[in-house]
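Containing mmCIF, C-alpha atoms: run39.cif.
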data_model
#
loop_
_atom_site.group_PDB
_atom_site.id
_atom_site.type_symbol
_atom_site.label_atom_id
_atom_site.label_comp_id
_atom_site.auth_asym_id
_atom_site.auth_seq_id
_atom_site.Cartn_x
_atom_site.Cartn_y
_atom_site.Cartn_z
ATOM 1 C CA MET A 1 -218.718 -54.652 0.447
ATOM 2 C CA LYS A 2 -221.577 -52.359 -0.570
ATOM 3 C CA ILE A 3 -223.328 -49.799 1.589
ATOM 4 C CA GLN A 4 -226.696 -51.131 2.665
ATOM 5 C CA ASP A 5 -228.792 -51.306 5.823
ATOM 6 C CA GLU A 6 -227.020 -52.387 9.005
ATOM 7 C CA LYS A 7 -223.528 -51.676 7.652
ATOM 8 C CA VAL A 8 -221.134 -49.401 9.510
ATOM 9 C CA VAL A 9 -220.063 -46.725 7.038
ATOM 10 C CA SER A 10 -217.083 -44.377 7.295
ATOM 11 C CA LEU A 11 -216.809 -41.438 4.952
ATOM 12 C CA THR A 12 -215.334 -38.045 4.356
ATOM 13 C CA TYR A 13 -217.550 -35.229 3.191
ATOM 14 C CA THR A 14 -217.775 -31.516 2.676
ATOM 15 C CA LEU A 15 -221.090 -29.711 3.034
ATOM 16 C CA VAL A 16 -221.346 -26.429 1.132
ATOM 17 C CA VAL A 17 -224.295 -24.103 1.751
ATOM 18 C CA ASP A 18 -224.703 -20.763 -0.005
ATOM 19 C CA GLY A 19 -221.180 -21.068 -1.432
ATOM 20 C CA LYS A 20 -219.359 -21.631 1.855
ATOM 21 C CA VAL A 21 -218.214 -24.745 3.706
ATOM 22 C CA GLU A 22 -220.696 -25.392 6.511
ATOM 23 C CA ASP A 23 -219.363 -28.736 7.769
ATOM 24 C CA GLN A 24 -216.875 -31.440 6.893
ATOM 25 C CA ALA A 25 -215.467 -34.784 7.960
ATOM 26 C CA THR A 26 -211.846 -35.570 7.074
ATOM 27 C CA GLU A 27 -209.890 -38.811 6.663
ATOM 28 C CA GLU A 28 -208.377 -38.160 10.098
ATOM 29 C CA ASN A 29 -211.835 -37.658 11.588
ATOM 30 C CA PRO A 30 -214.382 -39.375 9.311
ATOM 31 C CA LEU A 31 -218.127 -39.561 9.812
ATOM 32 C CA GLU A 32 -219.095 -43.036 11.017
ATOM 33 C CA TYR A 33 -222.683 -44.247 11.273
ATOM 34 C CA ILE A 34 -224.859 -47.339 10.923
ATOM 35 C CA HIS A 35 -226.654 -47.168 7.569
ATOM 36 C CA GLY A 36 -230.436 -47.479 7.559
ATOM 37 C CA LEU A 37 -231.053 -46.736 11.241
ATOM 38 C CA GLY A 38 -232.052 -43.106 10.743
ATOM 39 C CA TYR A 39 -228.871 -41.411 11.905
ATOM 40 C CA LEU A 40 -228.584 -39.255 8.777
ATOM 41 C CA LEU A 41 -230.996 -37.482 6.479
ATOM 42 C CA PRO A 42 -232.930 -40.196 4.585
ATOM 43 C CA LYS A 43 -232.080 -38.796 1.146
ATOM 44 C CA PHE A 44 -228.374 -38.574 2.118
ATOM 45 C CA GLU A 45 -228.384 -42.289 2.940
ATOM 46 C CA GLU A 46 -230.335 -43.048 -0.242
ATOM 47 C CA TYR A 47 -227.608 -41.429 -2.362
ATOM 48 C CA LEU A 48 -224.973 -43.616 -0.656
ATOM 49 C CA ASN A 49 -226.816 -46.948 -1.093
ATOM 50 C CA GLY A 50 -224.723 -49.426 -3.071
ATOM 51 C CA LYS A 51 -221.458 -47.443 -2.938
ATOM 52 C CA THR A 52 -218.236 -49.203 -1.934
ATOM 53 C CA VAL A 53 -214.922 -48.163 -0.347
ATOM 54 C CA GLY A 54 -213.143 -45.660 -2.582
ATOM 55 C CA ASP A 55 -216.312 -44.439 -4.312
ATOM 56 C CA SER A 56 -216.703 -40.676 -4.493
ATOM 57 C CA PHE A 57 -220.046 -38.922 -4.289
ATOM 58 C CA ALA A 58 -221.492 -35.503 -4.990
ATOM 59 C CA PHE A 59 -225.157 -34.575 -4.739
ATOM 60 C CA VAL A 60 -227.472 -31.738 -3.769
ATOM 61 C CA LEU A 61 -230.351 -32.065 -1.319
ATOM 62 C CA SER A 62 -233.253 -29.679 -1.751
ATOM 63 C CA PRO A 63 -234.585 -27.929 1.374
ATOM 64 C CA GLU A 64 -237.418 -30.491 1.520
ATOM 65 C CA GLU A 65 -234.908 -33.372 1.375
ATOM 66 C CA GLY A 66 -232.708 -31.698 3.968
ATOM 67 C CA TYR A 67 -234.053 -29.756 6.939
ATOM 68 C CA GLY A 68 -237.316 -28.565 5.413
ATOM 69 C CA ALA A 69 -238.537 -25.247 4.144
ATOM 70 C CA TYR A 70 -238.049 -22.206 6.342
ATOM 71 C CA ASP A 71 -241.212 -21.864 8.451
ATOM 72 C CA ALA A 72 -242.081 -18.283 9.407
ATOM 73 C CA GLU A 73 -244.441 -19.675 12.087
ATOM 74 C CA ALA A 74 -241.422 -21.197 13.862
ATOM 75 C CA VAL A 75 -240.314 -17.656 14.721
ATOM 76 C CA VAL A 76 -242.131 -16.765 17.922
ATOM 77 C CA GLU A 77 -242.238 -14.022 20.499
ATOM 78 C CA LEU A 78 -241.791 -15.333 24.054
ATOM 79 C CA PRO A 79 -242.279 -13.408 27.283
ATOM 80 C CA LYS A 80 -238.977 -12.695 29.004
ATOM 81 C CA HIS A 81 -240.066 -14.457 32.191
ATOM 82 C CA VAL A 82 -239.684 -17.780 30.305
ATOM 83 C CA PHE A 83 -235.931 -17.271 30.718
ATOM 84 C CA GLU A 84 -236.050 -17.028 34.517
ATOM 85 C CA ILE A 85 -234.091 -19.399 36.702
ATOM 86 C CA ASP A 86 -234.747 -19.099 40.429
ATOM 87 C CA GLY A 87 -236.732 -15.907 39.762
ATOM 88 C CA LYS A 88 -233.938 -14.158 37.854
ATOM 89 C CA ILE A 89 -233.945 -13.596 34.077
ATOM 90 C CA GLN A 90 -230.776 -14.961 32.507
ATOM 91 C CA GLU A 91 -229.840 -11.781 30.610
ATOM 92 C CA GLN A 92 -226.402 -13.146 29.600
ATOM 93 C CA LEU A 93 -228.173 -15.730 27.419
ATOM 94 C CA LEU A 94 -230.441 -13.202 25.745
ATOM 95 C CA VAL A 95 -228.097 -12.007 23.016
ATOM 96 C CA ALA A 96 -229.081 -11.981 19.336
ATOM 97 C CA GLY A 97 -227.498 -14.981 17.625
ATOM 98 C CA ASN A 98 -227.237 -17.148 20.748
ATOM 99 C CA VAL A 99 -228.743 -20.616 20.467
ATOM 100 C CA ILE A 100 -230.557 -21.690 23.618
ATOM 101 C CA PRO A 101 -231.898 -25.200 24.290
ATOM 102 C CA MET A 102 -235.626 -24.884 24.977
ATOM 103 C CA MET A 103 -238.281 -27.435 25.890
ATOM 104 C CA ASN A 104 -241.212 -27.977 23.532
ATOM 105 C CA GLN A 105 -244.761 -28.929 24.546
ATOM 106 C CA ALA A 106 -243.926 -32.638 24.260
ATOM 107 C CA GLY A 107 -241.035 -32.268 26.722
ATOM 108 C CA GLY A 108 -238.340 -32.560 24.056
ATOM 109 C CA VAL A 109 -235.390 -30.211 23.828
ATOM 110 C CA ILE A 110 -235.148 -28.060 20.697
ATOM 111 C CA PRO A 111 -232.606 -25.356 19.961
ATOM 112 C CA GLY A 112 -233.919 -21.833 19.530
ATOM 113 C CA LYS A 113 -231.925 -18.947 18.138
ATOM 114 C CA VAL A 114 -232.345 -15.522 19.748
ATOM 115 C CA VAL A 115 -233.368 -13.127 16.967
ATOM 116 C CA GLU A 116 -234.245 -10.005 18.913
ATOM 117 C CA VAL A 117 -234.499 -8.993 22.572
ATOM 118 C CA GLY A 118 -237.160 -6.493 23.594
ATOM 119 C CA ALA A 119 -238.019 -4.915 26.939
ATOM 120 C CA ASP A 120 -240.539 -7.635 27.875
ATOM 121 C CA SER A 121 -240.138 -10.300 25.197
ATOM 122 C CA VAL A 122 -237.633 -12.312 23.172
ATOM 123 C CA LYS A 123 -238.086 -13.258 19.529
ATOM 124 C CA MET A 124 -236.843 -16.829 18.966
ATOM 125 C CA ASP A 125 -236.355 -18.772 15.726
ATOM 126 C CA PHE A 126 -236.939 -22.518 16.086
ATOM 127 C CA ASN A 127 -236.132 -23.389 12.473
ATOM 128 C CA HIS A 128 -233.116 -25.630 11.915
ATOM 129 C CA ALA A 129 -230.130 -23.448 10.989
ATOM 130 C CA LEU A 130 -230.113 -25.073 7.525
ATOM 131 C CA ALA A 131 -233.875 -24.923 6.910
ATOM 132 C CA GLY A 132 -234.699 -23.570 3.471
ATOM 133 C CA LYS A 133 -231.169 -24.209 2.189
ATOM 134 C CA GLU A 134 -229.820 -26.405 -0.595
ATOM 135 C CA LEU A 135 -227.188 -28.761 0.809
ATOM 136 C CA HIS A 136 -224.259 -29.547 -1.521
ATOM 137 C CA PHE A 137 -222.446 -32.688 -0.363
ATOM 138 C CA SER A 138 -219.286 -34.209 -1.808
ATOM 139 C CA GLY A 139 -216.956 -36.820 -0.388
ATOM 140 C CA LYS A 140 -215.619 -40.346 -0.461
ATOM 141 C CA VAL A 141 -216.511 -43.663 1.171
ATOM 142 C CA THR A 142 -213.564 -44.767 3.328
ATOM 143 C CA GLY A 143 -214.985 -47.865 5.027
ATOM 144 C CA VAL A 144 -217.888 -50.319 4.992
ATOM 145 C CA ARG A 145 -218.289 -53.275 7.357
ATOM 146 C CA ASP A 146 -221.002 -55.342 9.001
ATOM 147 C CA ALA A 147 -222.367 -53.865 12.210
ATOM 148 C CA THR A 148 -222.056 -56.127 15.248
ATOM 149 C CA GLU A 149 -225.160 -57.236 17.135
ATOM 150 C CA LYS A 150 -224.096 -54.995 20.030
ATOM 151 C CA GLU A 151 -223.781 -51.986 17.675
ATOM 152 C CA LEU A 152 -227.224 -52.698 16.206
ATOM 153 C CA THR A 153 -228.718 -52.888 19.704
ATOM 154 C CA ASP A 154 -226.743 -50.190 21.522
ATOM 155 C CA GLY A 155 -225.636 -47.955 18.637
ATOM 156 C CA LEU A 156 -222.168 -47.342 17.265
ATOM 157 C CA HIS A 157 -221.209 -45.305 20.351
ATOM 158 C CA GLY A 158 -223.793 -46.585 22.862
ATOM 159 C CA GLU A 159 -226.304 -43.853 22.000
ATOM 160 C CA ARG A 160 -229.244 -46.224 21.459
ATOM 161 C CA ALA A 161 -228.720 -47.918 24.825
ATOM 162 C CA ALA A 162 -228.930 -44.552 26.588
ATOM 163 C CA GLN A 163 -232.238 -43.810 24.804
ATOM 164 C CA ASP A 164 -233.733 -47.084 26.053
ATOM 165 C CA CYS A 165 -232.924 -46.330 29.673
ATOM 166 C CA THR A 166 -235.997 -46.428 31.894
ATOM 167 C CA HIS A 167 -234.413 -45.948 35.308
ATOM 168 C CA ASP A 168 -232.241 -43.468 37.192
ATOM 169 C CA CYS A 169 -228.860 -43.898 35.471
ATOM 170 C CA SER A 170 -226.992 -42.555 38.490
ATOM 171 C CA SER A 171 -227.361 -46.060 39.940
ATOM 172 C CA CYS A 172 -225.620 -47.773 36.990
ATOM 173 C CA GLY A 173 -223.237 -45.012 35.916
ATOM 174 C CA GLY A 174 -225.091 -44.111 32.710
ATOM 175 C CA GLY A 175 -224.868 -45.653 29.246
ATOM 176 C CA CYS A 176 -227.553 -47.944 30.547
ATOM 177 C CA GLY A 177 -225.950 -51.258 31.057
ATOM 178 C CA ASN A 178 -228.529 -51.483 33.918
#
Hey, can you dump this file as structure tokens for me?
Amino acid sequence: MKIQDEKVVSLTYTLVVDGKVEDQATEENPLEYIHGLGYLLPKFEEYLNGKTVGDSFAFVLSPEEGYGAYDAEAVVELPKHVFEIDGKIQEQLLVAGNVIPMMNQAGGVIPGKVVEVGADSVKMDFNHALAGKELHFSGKVTGVRDATEKELTDGLHGERAAQDCTHDCSSCGGGCGN
């Protein structure tokens, strides 16, 4: 069976960035996803189209095909009071290198990395950690099968069902079976 849209794909991979292993999935713990539903980088999926179980792959994604170019405007200075909870600044979070989930103007959560802490402000970098980097992937396809209707609706691990939830999940226990 060939990899194409709406197939459940299992694979091993190693991601090398700047000469060092950044991430990997092993045969004992493979990456599993539904192809064509936007779970992975589009160009990553494109390179896997048509492959079958046992096929190896190796390709490089440019920064634009991966997580985009590094954007200097995504590094911003925020007033320290933004990090207050119940009127107290959370100093233990404000350490260079820490990644803190922040809310953007649209109400979405985006990770921000603390770059520098000043007396009254905090410099945060909202670029993806791999922005501006070439991504070197290699691996092997270990499984391809048809996705079930439930997987196509709810996601491989129920993640799509949770996104469609429009009520207080405490009443149904979450996962949104309603």
Name the residues that the PyMOL selection byres ((chain A and resi 70) around 6) pulls out of this structure, and write them as an mmCIF file with C-alpha atoms, in the coordinates of the input.
data_model
loop_
_atom_site.group_PDB
_atom_site.id
_atom_site.type_symbol
_atom_site.label_atom_id
_atom_site.label_comp_id
_atom_site.auth_asym_id
_atom_site.auth_seq_id
_atom_site.Cartn_x
_atom_site.Cartn_y
_atom_site.Cartn_z
ATOM 1 C CA ALA A 69 -238.537 -25.247 4.144
ATOM 2 C CA ASP A 71 -241.212 -21.864 8.451
ATOM 3 C CA ALA A 131 -233.875 -24.923 6.910
ATOM 4 C CA GLY A 132 -234.699 -23.570 3.471
#
**Report entry** A:Glu28, A:Glu134, A:Asp86, A:Glu91 ranked by distance to Val16 in chain A, top pick (using only C-alpha atoms)
**Finding:**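 Once distances to Val16 in chain A are computed over only C-alpha atoms, the minimum belongs to A:Glu134.
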Requested in this report: Using the chain letters and residue numbers of this document, give as a ChimeraX atom specification the residues selected by the PyMOL selection byres ((chain A and resi 124) around 6).
Outcome: /A:75-76,112-115,123,125
Query - Pairwise distance for CA of Asp23 in chain A and CA of Glu151 in chain A, rounded to one decimal in Å - result: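 Between CA of Asp23 in chain A and CA of Glu151 in chain A the gap is 25.7 Å.
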Centre and edge lengths, as JSON, for the axis-aligned box enclosing every listed atom of range 36-39 of chain A with 8 Å of padding on each of the six sides, in Å to one decimal?
{"center_x": -230.5, "center_y": -44.4, "center_z": 9.7, "size_x": 19.2, "size_y": 22.1, "size_z": 20.3}
Using the chain letters and residue numbers of this document, give as a PDB file with C-alpha atoms, in the coordinates of the input the residues selected by the PyMOL selection byres ((chain A and resi 5-11) around 6).
ATOM      1  CA  GLN A   4    -226.696 -51.131   2.665  1.00  0.00           C
ATOM      2  CA  THR A  12    -215.334 -38.045   4.356  1.00  0.00           C
ATOM      3  CA  PRO A  30    -214.382 -39.375   9.311  1.00  0.00           C
ATOM      4  CA  LEU A  31    -218.127 -39.561   9.812  1.00  0.00           C
ATOM      5  CA  GLU A  32    -219.095 -43.036  11.017  1.00  0.00           C
ATOM      6  CA  TYR A  33    -222.683 -44.247  11.273  1.00  0.00           C
ATOM      7  CA  ILE A  34    -224.859 -47.339  10.923  1.00  0.00           C
ATOM      8  CA  HIS A  35    -226.654 -47.168   7.569  1.00  0.00           C
ATOM      9  CA  GLY A  36    -230.436 -47.479   7.559  1.00  0.00           C
ATOM     10  CA  LYS A 140    -215.619 -40.346  -0.461  1.00  0.00           C
ATOM     11  CA  VAL A 141    -216.511 -43.663   1.171  1.00  0.00           C
ATOM     12  CA  THR A 142    -213.564 -44.767   3.328  1.00  0.00           C
ATOM     13  CA  GLY A 143    -214.985 -47.865   5.027  1.00  0.00           C
ATOM     14  CA  VAL A 144    -217.888 -50.319   4.992  1.00  0.00           C
ATOM     15  CA  ARG A 145    -218.289 -53.275   7.357  1.00  0.00           C
ATOM     16  CA  ASP A 146    -221.002 -55.342   9.001  1.00  0.00           C
ATOM     17  CA  ALA A 147    -222.367 -53.865  12.210  1.00  0.00           C
TER      18      ALA A 147
END
Report task. State, in Å with one decimal place, the distance from CA of Lys20 in chain A to CA of His136 in chain A. Result ->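 Here the two named atoms are 9.9 Å from each other.
In this comparison, which uses only C-alpha atoms, the residue of A:Met102, A:Leu78, A:Leu152, A:Val17 approaching Ala119 in chain A most closely is A:Leu78.
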Report task. Take CA of Ala129 in chain A and CA of Glu64 in chain A and report the distance between them in Å, one decimal. Result ->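 Between CA of Ala129 in chain A and CA of Glu64 in chain A the gap works out to 13.9 Å.
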Requested in this report: Excluding Met103 in chain A and any residue of its chain fewer than 3 positions from it, enumerate the residues within 12 Å of it, using only C-alpha atoms, and give them as a PyMOL selection string.
Outcome: chain A and resi 82-83+100+106-112+126
**Report entry** Which residue of A:Thr14, A:Gly158, A:Gly97, A:Asn127 approaches Glu73 in chain A most closely, using all atoms listed in the file
**Finding:**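 Closest candidate: A:Asn127.
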Requested in this report: Could you check which of A:Gly38, A:Pro101, A:Gly68, A:Gly50 is closest to Leu130 in chain A, using all atoms listed in the file?
Outcome: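 Selected residue with least distance to Leu130 in chain A: A:Gly68.
Compared by their closest atoms to Phe59 in chain A, and using all atoms listed in the file, the residues A:Thr148, A:Ser138, A:Asn104, A:Asn29 rank with A:Ser138 nearest.
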